[in-house]
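The data block below is upload_4.txt; it holds compact mmCIF, C-alpha atoms.
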# COMPACT_ATOMS: atom_id res chain seq x y z
CA MET A 1 103.69 133.48 105.99
CA SER A 2 105.85 131.00 107.91
CA VAL A 3 104.80 127.38 108.26
CA PHE A 4 104.46 127.81 112.02
CA ILE A 5 102.14 130.85 111.90
CA PHE A 6 100.12 129.30 109.08
CA THR A 7 99.67 126.07 111.04
CA ILE A 8 98.50 127.94 114.15
CA ILE A 9 95.96 129.98 112.18
CA VAL A 10 94.61 126.92 110.36
CA LEU A 11 94.46 124.97 113.63
CA ALA A 12 92.45 127.72 115.34
CA GLY A 13 90.16 128.19 112.35
CA SER A 14 89.59 124.46 112.02
CA TYR A 15 88.75 124.18 115.70
CA LEU A 16 86.09 126.85 115.24
CA ALA A 17 84.81 125.18 112.09
CA GLY A 18 84.55 121.81 113.83
CA LEU A 19 82.79 123.38 116.80
CA LEU A 20 80.23 125.23 114.68
CA GLY A 21 79.81 122.29 112.33
CA SER A 22 78.97 119.95 115.18
CA LEU A 23 76.70 122.41 117.02
CA THR A 24 74.61 123.05 113.92
CA GLY A 25 74.83 119.58 112.42
CA LEU A 26 76.24 120.88 109.14
CA GLY A 27 79.67 119.30 109.58
CA GLY A 28 83.07 120.96 109.63
CA GLY A 29 83.79 120.64 105.90
CA VAL A 30 81.38 123.35 104.83
CA VAL A 31 83.13 125.94 107.00
CA ILE A 32 86.74 124.93 106.54
CA ILE A 33 86.75 125.13 102.73
CA PRO A 34 85.63 128.79 102.50
CA LEU A 35 87.99 129.62 105.37
CA LEU A 36 90.98 128.13 103.57
CA THR A 37 90.15 129.39 100.08
CA ILE A 38 88.84 132.89 100.84
CA LEU A 39 90.89 133.94 103.85
CA LEU A 40 94.12 132.01 103.37
CA LYS A 41 94.07 131.84 99.55
CA VAL A 42 94.63 128.09 99.51
CA ASP A 43 94.02 126.39 96.16
CA ILE A 44 90.61 124.72 96.28
CA HIS A 45 92.03 121.28 95.45
CA TYR A 46 94.24 121.30 98.56
CA ALA A 47 91.32 122.68 100.59
CA ILE A 48 89.03 119.88 99.39
CA GLY A 49 91.66 117.25 100.20
CA ALA A 50 92.27 118.54 103.74
CA SER A 51 88.56 118.95 104.40
CA LEU A 52 87.74 115.42 103.27
CA VAL A 53 90.33 113.99 105.65
CA SER A 54 88.79 115.94 108.53
CA VAL A 55 85.34 114.71 107.50
CA ILE A 56 86.50 111.10 107.88
CA ALA A 57 87.88 111.84 111.35
CA THR A 58 84.79 113.56 112.75
CA SER A 59 82.22 111.24 111.21
CA SER A 60 84.07 108.10 112.32
CA GLY A 61 84.58 109.55 115.79
CA SER A 62 80.92 110.37 116.36
CA ALA A 63 79.69 107.26 114.54
CA ALA A 64 81.67 105.21 117.05
CA ALA A 65 79.52 106.56 119.88
CA TYR A 66 76.15 106.27 118.10
CA VAL A 67 76.69 102.80 116.69
CA LYS A 68 77.32 101.46 120.20
CA GLU A 69 74.03 102.89 121.44
CA GLY A 70 72.21 100.96 118.72
CA ILE A 71 70.55 103.96 117.08
CA THR A 72 72.40 103.59 113.79
CA ASN A 73 70.77 101.27 111.27
CA ILE A 74 73.79 99.33 109.99
CA ARG A 75 71.82 97.66 107.20
CA ILE A 76 70.40 100.89 105.76
CA GLY A 77 73.93 102.30 106.02
CA MET A 78 75.63 99.38 104.27
CA PHE A 79 73.02 99.19 101.53
CA LEU A 80 73.11 102.89 100.72
CA GLU A 81 76.91 102.93 100.88
CA ILE A 82 76.86 101.06 97.57
CA ALA A 83 75.34 104.22 96.07
CA THR A 84 77.47 106.77 97.93
CA THR A 85 80.80 105.07 97.24
CA ILE A 86 80.09 104.70 93.53
CA GLY A 87 79.00 108.35 93.45
CA ALA A 88 82.03 109.46 95.47
CA PHE A 89 84.42 107.76 93.07
CA PHE A 90 82.92 109.52 90.06
CA GLY A 91 82.81 112.81 91.94
CA ALA A 92 86.50 112.59 92.82
CA VAL A 93 87.46 111.77 89.22
CA LEU A 94 85.23 114.57 87.94
CA ALA A 95 86.93 117.08 90.28
CA LEU A 96 90.08 116.76 88.19
CA TYR A 97 88.39 117.79 84.96
CA LEU A 98 86.31 120.64 86.30
CA HIS A 99 87.68 124.16 86.51
CA ALA A 100 88.42 125.39 90.04
CA SER A 101 85.99 128.28 89.58
CA PHE A 102 83.16 125.93 88.66
CA ILE A 103 83.82 123.87 91.79
CA ALA A 104 83.74 127.07 93.86
CA VAL A 105 80.35 128.08 92.44
CA LEU A 106 78.87 124.62 92.93
CA PHE A 107 80.22 124.58 96.47
CA GLY A 108 78.52 127.90 97.19
CA LEU A 109 75.19 126.59 95.96
CA ILE A 110 75.39 123.38 98.01
CA LEU A 111 76.41 125.47 101.01
CA ILE A 112 73.29 127.65 100.78
CA PHE A 113 71.16 124.54 100.40
CA SER A 114 72.75 122.94 103.49
CA ALA A 115 72.24 126.10 105.53
CA PHE A 116 68.54 126.16 104.72
CA MET A 117 68.21 122.45 105.40
CA SER A 118 69.68 122.97 108.87
CA LEU A 119 66.93 125.49 109.63
CA LYS A 120 64.09 123.18 108.65
CA LYS A 121 62.03 121.72 111.45
CA LYS A 122 62.56 118.02 111.85
CA ASP A 123 59.56 115.83 112.51
CA ALA A 124 60.20 112.47 114.07
CA GLN A 125 57.84 110.43 111.92
CA VAL A 126 57.80 106.79 112.80
CA HIS A 127 54.93 104.97 111.16
CA ALA A 128 55.59 104.83 107.46
CA PRO A 129 53.94 102.23 105.25
CA LYS A 130 56.46 99.45 104.74
CA SER A 131 57.53 98.79 101.21
CA LEU A 132 58.29 95.47 99.55
CA TRP A 133 61.91 96.37 98.88
CA ALA A 134 62.50 97.53 102.43
CA GLU A 135 61.15 94.17 103.60
CA LYS A 136 63.35 92.22 101.19
CA LEU A 137 66.47 94.20 102.11
CA LYS A 138 65.68 94.00 105.83
CA LEU A 139 65.90 97.79 106.17
CA ASN A 140 63.06 98.18 108.67
CA GLY A 141 64.39 98.45 112.17
CA SER A 142 64.03 99.74 115.68
CA TYR A 143 65.94 102.01 118.00
CA PRO A 144 66.05 102.71 121.74
CA ASP A 145 64.35 105.95 122.85
CA ASN A 146 64.05 106.80 126.56
CA GLY A 147 64.16 103.17 127.54
CA GLN A 148 61.57 102.12 124.96
CA THR A 149 62.10 100.41 121.64
CA VAL A 150 60.64 102.27 118.68
CA GLU A 151 59.90 100.25 115.54
CA TYR A 152 59.94 101.91 112.15
CA GLY A 153 59.45 101.11 108.49
CA VAL A 154 61.15 102.46 105.41
CA ARG A 155 59.67 103.40 102.02
CA LYS A 156 60.84 104.47 98.56
CA VAL A 157 64.12 102.55 98.66
CA GLY A 158 64.87 103.23 94.98
CA GLY A 159 64.43 106.99 95.30
CA GLY A 160 66.60 107.09 98.38
CA PHE A 161 69.27 105.08 96.58
CA LEU A 162 69.35 107.52 93.65
CA MET A 163 69.55 110.50 96.00
CA MET A 164 72.49 108.82 97.76
CA LEU A 165 74.25 108.38 94.42
CA PHE A 166 74.00 112.15 93.99
CA ALA A 167 75.13 112.79 97.58
CA GLY A 168 78.18 110.63 96.86
CA VAL A 169 79.08 112.58 93.73
CA ILE A 170 78.84 115.89 95.63
CA SER A 171 80.92 114.51 98.48
CA GLY A 172 83.65 113.33 96.13
CA LEU A 173 83.55 116.51 94.09
CA LEU A 174 83.57 119.02 96.93
CA GLY A 175 85.34 117.18 99.75
CA ILE A 176 82.47 117.50 102.20
CA GLY A 177 80.42 114.85 103.96
CA SER A 178 77.24 116.09 102.22
CA GLY A 179 75.37 115.04 105.33
CA SER A 180 72.46 117.35 104.48
CA LEU A 181 71.87 115.51 101.18
CA LYS A 182 72.10 112.16 102.94
CA VAL A 183 69.53 113.27 105.47
CA VAL A 184 67.24 114.41 102.62
CA ALA A 185 67.52 110.95 101.08
CA MET A 186 66.71 109.15 104.32
CA ASP A 187 64.37 111.64 106.05
CA THR A 188 62.32 113.11 103.25
CA ILE A 189 62.33 110.30 100.72
CA MET A 190 62.65 107.10 102.72
CA ARG A 191 60.96 108.37 105.89
CA VAL A 192 63.61 107.05 108.24
CA PRO A 193 63.08 108.60 111.72
CA PHE A 194 65.25 111.67 112.23
CA LYS A 195 67.32 110.20 115.05
CA VAL A 196 68.17 107.16 112.95
CA SER A 197 68.81 109.08 109.73
CA THR A 198 71.29 111.54 111.24
CA THR A 199 73.30 108.85 113.01
CA THR A 200 73.21 106.52 110.01
CA SER A 201 74.30 109.41 107.77
CA ASN A 202 77.25 109.96 110.09
CA PHE A 203 78.04 106.26 109.95
CA MET A 204 78.08 106.36 106.13
CA ILE A 205 80.06 109.56 105.64
CA GLY A 206 83.40 107.96 106.55
CA VAL A 207 83.07 105.18 103.98
CA THR A 208 81.83 107.57 101.30
CA ALA A 209 84.73 109.92 101.96
CA ALA A 210 87.23 107.04 101.96
CA ALA A 211 86.16 106.09 98.42
CA SER A 212 87.06 109.53 97.10
CA ALA A 213 90.01 110.02 99.48
CA VAL A 214 91.87 107.11 97.86
CA VAL A 215 91.53 108.97 94.55
CA TYR A 216 92.56 112.30 96.12
CA LEU A 217 95.65 110.67 97.65
CA GLN A 218 96.88 109.56 94.26
CA ARG A 219 96.14 112.92 92.68
CA GLY A 220 98.19 114.75 95.28
CA TYR A 221 95.21 116.69 96.75
CA ILE A 222 96.05 115.63 100.28
CA SER A 223 98.94 117.78 101.41
CA PRO A 224 100.19 116.61 104.83
CA GLY A 225 101.42 120.03 105.96
CA LEU A 226 97.95 121.51 105.43
CA SER A 227 95.84 118.50 106.38
CA MET A 228 97.55 118.06 109.75
CA PRO A 229 96.22 121.25 111.44
CA VAL A 230 92.86 120.90 109.66
CA VAL A 231 92.14 117.35 110.80
CA VAL A 232 93.37 117.89 114.37
CA GLY A 233 91.53 121.21 114.70
CA VAL A 234 88.22 120.07 113.25
CA LEU A 235 88.20 116.87 115.32
CA LEU A 236 88.91 118.72 118.58
CA GLY A 237 86.28 121.32 117.71
CA ALA A 238 83.71 118.63 116.98
CA LEU A 239 84.49 116.89 120.27
CA THR A 240 83.96 120.14 122.16
CA GLY A 241 80.74 120.70 120.23
CA SER A 242 79.34 117.30 121.12
CA LYS A 243 80.19 117.90 124.81
CA ILE A 244 78.27 121.20 124.72
CA LEU A 245 75.33 119.58 122.93
CA VAL A 246 74.87 117.06 125.73
CA HIS A 247 74.25 119.89 128.19
CA THR A 248 72.32 122.34 126.04
CA HIS A 249 70.04 121.41 123.21
CA SER A 250 71.15 122.96 119.95
CA SER A 251 69.37 126.27 119.94
CA GLN A 252 67.47 127.67 117.03
CA TRP A 253 69.12 131.10 117.15
CA LEU A 254 72.54 129.53 116.79
CA ARG A 255 71.37 127.76 113.65
CA TRP A 256 70.11 131.07 112.29
CA VAL A 257 73.36 132.89 112.97
CA PHE A 258 75.25 130.05 111.38
CA ALA A 259 72.98 129.91 108.34
CA VAL A 260 73.55 133.63 107.76
CA VAL A 261 77.33 133.28 108.08
CA VAL A 262 77.40 130.26 105.80
CA THR A 263 75.23 132.00 103.20
CA PHE A 264 77.58 134.97 103.28
CA LEU A 265 80.58 132.69 102.72
CA ALA A 266 78.72 130.90 99.95
CA VAL A 267 77.94 134.11 98.10
CA GLN A 268 81.59 135.13 98.42
CA MET A 269 82.71 131.81 96.92
CA ILE A 270 80.25 132.05 94.06
CA TYR A 271 81.35 135.63 93.38
CA ASN A 272 85.04 134.68 93.40
CA GLY A 273 84.37 131.67 91.21
CA LEU A 274 82.54 133.69 88.60
CA HIS A 275 85.23 136.36 88.55
CA GLN A 276 88.12 133.95 88.11
CA LYS A 277 86.44 132.62 85.03
CA ALA A 278 85.97 136.04 83.44
CA MET B 1 81.18 77.49 118.21
CA ALA B 2 78.71 78.75 120.77
CA ALA B 3 80.10 82.26 120.52
CA GLN B 4 79.25 82.38 116.84
CA LYS B 5 75.71 81.16 117.34
CA THR B 6 74.94 83.96 119.74
CA PHE B 7 76.58 86.66 117.60
CA LYS B 8 73.94 89.36 117.19
CA ASP B 9 73.53 92.86 115.81
CA THR B 10 74.35 94.30 119.24
CA ASP B 11 77.71 92.50 119.29
CA MET B 12 78.44 93.86 115.84
CA GLN B 13 77.54 97.39 116.93
CA ARG B 14 79.91 97.12 119.86
CA ILE B 15 82.78 95.85 117.70
CA LEU B 16 82.24 98.41 114.92
CA GLY B 17 82.18 101.22 117.48
CA TRP B 18 85.44 99.92 118.90
CA VAL B 19 87.09 99.66 115.44
CA LEU B 20 86.15 103.25 114.61
CA ARG B 21 87.34 104.64 117.93
CA VAL B 22 90.69 102.84 117.86
CA GLY B 23 91.28 103.80 114.21
CA VAL B 24 90.61 107.49 114.76
CA SER B 25 92.65 107.68 118.00
CA LEU B 26 95.61 105.83 116.54
CA SER B 27 95.73 107.86 113.33
CA MET B 28 95.41 111.14 115.24
CA LEU B 29 98.34 110.12 117.43
CA VAL B 30 100.49 109.41 114.35
CA VAL B 31 99.42 112.68 112.68
CA CYS B 32 100.31 114.66 115.80
CA ILE B 33 103.74 113.03 116.14
CA GLY B 34 104.44 113.81 112.47
CA GLY B 35 103.09 117.33 112.90
CA VAL B 36 105.43 118.14 115.77
CA LEU B 37 108.42 116.82 113.79
CA TYR B 38 107.35 118.76 110.70
CA LEU B 39 106.96 122.03 112.60
CA TYR B 40 110.28 121.48 114.37
CA ARG B 41 112.11 120.99 111.08
CA HIS B 42 110.24 123.35 108.75
CA GLY B 43 108.42 125.77 111.06
CA ARG B 44 110.35 128.82 109.92
CA GLU B 45 110.04 128.21 106.18
CA VAL B 46 107.66 130.18 104.01
CA VAL B 47 104.45 128.39 103.11
CA SER B 48 102.21 128.75 100.08
CA TYR B 49 99.27 126.66 98.95
CA GLN B 50 98.02 129.19 96.40
CA LYS B 51 98.98 127.17 93.35
CA PHE B 52 98.12 123.52 92.99
CA THR B 53 101.33 121.56 92.42
CA GLY B 54 100.41 118.17 93.88
CA VAL B 55 102.51 116.85 96.76
CA PRO B 56 106.26 116.09 97.03
CA GLU B 57 107.30 112.63 95.90
CA PHE B 58 108.25 111.41 99.38
CA VAL B 59 104.65 111.74 100.59
CA HIS B 60 103.09 110.44 97.37
CA SER B 61 104.27 106.87 96.79
CA PRO B 62 104.02 104.15 99.45
CA LEU B 63 107.76 103.53 99.13
CA GLY B 64 108.53 107.22 99.54
CA ILE B 65 106.36 107.46 102.64
CA TRP B 66 108.01 104.35 104.13
CA GLN B 67 111.52 105.73 103.55
CA GLY B 68 110.37 109.09 104.90
CA ILE B 69 109.16 107.47 108.11
CA LEU B 70 112.46 105.64 108.54
CA THR B 71 114.39 108.90 108.16
CA GLY B 72 112.03 110.69 110.56
CA ARG B 73 110.47 113.10 108.06
CA GLY B 74 107.45 114.75 109.64
CA ARG B 75 105.26 115.01 106.55
CA ALA B 76 105.76 111.33 105.68
CA ILE B 77 104.61 110.39 109.19
CA ILE B 78 101.58 112.72 108.91
CA GLN B 79 100.68 111.15 105.58
CA ALA B 80 100.95 107.67 107.10
CA GLY B 81 98.55 108.78 109.83
CA ILE B 82 96.14 110.16 107.22
CA ILE B 83 96.27 106.89 105.28
CA LEU B 84 95.50 105.04 108.52
CA LEU B 85 92.55 107.39 109.04
CA ILE B 86 91.25 106.77 105.50
CA ALA B 87 91.64 103.03 106.10
CA THR B 88 89.54 103.17 109.30
CA PRO B 89 86.08 103.22 107.64
CA VAL B 90 87.30 100.64 105.12
CA ILE B 91 88.35 98.34 107.96
CA ARG B 92 84.92 98.98 109.46
CA VAL B 93 83.36 97.63 106.23
CA ILE B 94 85.58 94.52 106.43
CA PHE B 95 84.46 93.96 110.04
CA SER B 96 80.82 94.45 108.97
CA ALA B 97 81.28 91.76 106.32
CA ILE B 98 82.73 89.37 108.91
CA GLY B 99 79.89 90.23 111.29
CA PHE B 100 77.26 89.44 108.66
CA VAL B 101 78.98 86.12 107.90
CA LEU B 102 78.76 85.25 111.61
CA GLU B 103 75.08 86.21 111.57
CA LYS B 104 74.68 84.06 108.43
CA ASP B 105 73.17 87.06 106.68
CA TRP B 106 74.44 86.32 103.20
CA LEU B 107 72.60 89.19 101.52
CA TYR B 108 74.43 91.74 103.66
CA THR B 109 77.72 89.86 103.44
CA GLY B 110 77.40 90.37 99.68
CA ILE B 111 76.44 94.04 100.05
CA SER B 112 79.44 94.69 102.35
CA LEU B 113 81.77 92.99 99.87
CA LEU B 114 80.29 95.05 97.04
CA VAL B 115 81.01 98.30 98.92
CA LEU B 116 84.54 97.04 99.54
CA LEU B 117 84.91 96.25 95.85
CA VAL B 118 83.89 99.80 94.87
CA ILE B 119 86.50 101.29 97.22
CA VAL B 120 89.23 98.94 95.96
CA ALA B 121 88.26 99.72 92.36
CA SER B 122 88.52 103.47 92.97
CA ALA B 123 91.89 102.95 94.66
CA LEU B 124 93.18 101.00 91.68
CA THR B 125 91.84 103.25 88.93
CA GLY B 126 92.24 106.59 90.71
CA HIS B 127 95.63 107.47 89.28
CA GLY B 128 94.79 106.80 85.65
CA GLY B 129 92.70 108.83 83.23
Hey, can you dump this file as structure tokens for me?
Amino acid sequence: MSVFIFTIIVLAGSYLAGLLGSLTGLGGGVVIIPLLTILLKVDIHYAIGASLVSVIATSSGSAAAYVKEGITNIRIGMFLEIATTIGAFFGAVLALYLHASFIAVLFGLILIFSAFMSLKKKDAQVHAPKSLWAEKLKLNGSYPDNGQTVEYGVRKVGGGFLMMLFAGVISGLLGIGSGSLKVVAMDTIMRVPFKVSTTTSNFMIGVTAAASAVVYLQRGYISPGLSMPVVVGVLLGALTGSKILVHTHSSQWLRWVFAVVVTFLAVQMIYNGLHQKA
Amino acid sequence: MAAQKTFKDTDMQRILGWVLRVGVSLSMLVVCIGGVLYLYRHGREVVSYQKFTGVPEFVHSPLGIWQGILTGRGRAIIQAGIILLIATPVIRVIFSAIGFVLEKDWLYTGISLLVLLVIVASALTGHGG
């Protein structure tokens, strides 16, 4: 395949991945990696590198909008970034020692998990009992909602921190934002309101990804010829997605379709991974 | 200064949002310029990413990238744009640290610096081992 044709295909695929990723809230990384590895036979290390770069672009782009509106909790973000960056560094180093087939299988499993997480109903809990640590670390906050200010408390800071460490490792290992794991840490464990947890997760993803991207750069995972169409495509797709989301609320059927597609891709990756090993 | 006394979380949010937007826009511009050059020069060549072989030397070392930019090599320019993109969230952390200093929030100044330290440490140790 010529460079030109390849670039066009990757650009179009990445646009679609960014669009779907933003409409469903899963992020572009989870779609672009199977697309590159299964359809275009790209080595998973290059795919991870290109995907991670696109993750930084989309998360920073959307974080820019949310942080201005004051929904993002900068303190929760900064504090938990200690965990995600440490995790991301170890994940990126670990990626070098793990067999490509193992990474593929692990990716498939995380993909299925993310797809199911995106289907779960989100409850916007606000009144959580405040914990001592949350008080000390000034994590409790407020956010604007329809002209009103909603106050909220945070609990189980330690548990959330540990979960973030894990989310960081997965992000560094697989080249995805692992937004679904971050939301688990903040939503389910720490009881941060959904609106705040998703925007804060977005805010953190860029920094987490940067910690492993500096390792990837030195390992030669980030190939400019491949990363260029991926990052441009995913970012444009995500922009289109966010424009659509303003007009129509993300519909449940779309999430279902996407979950099915993603699960199919995941099974394919697990199957391929297991067969390479044999 | 009066400006420092009134520096609040909302000011910080505005500045951080601005840093992120400028960083992403600028790096995308550089990547696109490099991409057009790369396609113009290498568009008809055969491509293969099936085997992992790292990246060519001129997009790997800082010196190589710099010389590549000077000689107008597309991939070196793309890589420079990507490095700028990776630097964007890191610059955001630096601005957060400055913001917390202005707010006199020493706990979060320390936390921001710690995050920065982790990123610098992974940048310095990433090539070894």
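Set the cut-off at 6 Å, count all atoms listed in the file, and the residues of chain B near chain A turn out to be Gln13, Arg14, Gly17, Leu20, Arg21, Gly43, Arg44, Glu45, Val46, Val47, Tyr49, Gln50, Lys51, Phe52, Gly54, Val55, Arg75, Ile78, Gln79, Ile86, Pro89, Val115, Ile119, Ser122, Ala123, Gly126 and His127 of chain B.
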Show me, as a ChimeraX atom specification, the residues that have an atom within 10 Å of Ile98 in chain B when counting only C-alpha atoms, minus same-chain residues fewer than 3 positions from it. /B:12,92-95,101-104,109,112-113
Counting all atoms listed in the file, the residue of A:Ser131, A:Gln268, A:Ser114, A:Ser101 that sits nearest Arg191 in chain A: A:Ser131
Please report the interatomic distance between CA of Phe194 in chain A and CA of Tyr143 in chain A in Å with one decimal. 11.3 Å
Quick one: axis-aligned box around all listed atoms of range 98-109 of chain A, 4 Å on every side, centre and edge lengths in Å to one decimal, written as AutoDock Vina command-line options.
--center_x 81.8 --center_y 124.5 --center_z 91.7 --size_x 21.2 --size_y 15.6 --size_z 18.9
Mind giving me the straight-line distance from CA of Gly34 in chain B to CA of Leu174 in chain A in Å, one decimal?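 So the two atoms, CA of Gly34 in chain B and CA of Leu174 in chain A, lie 26.5 Å apart.
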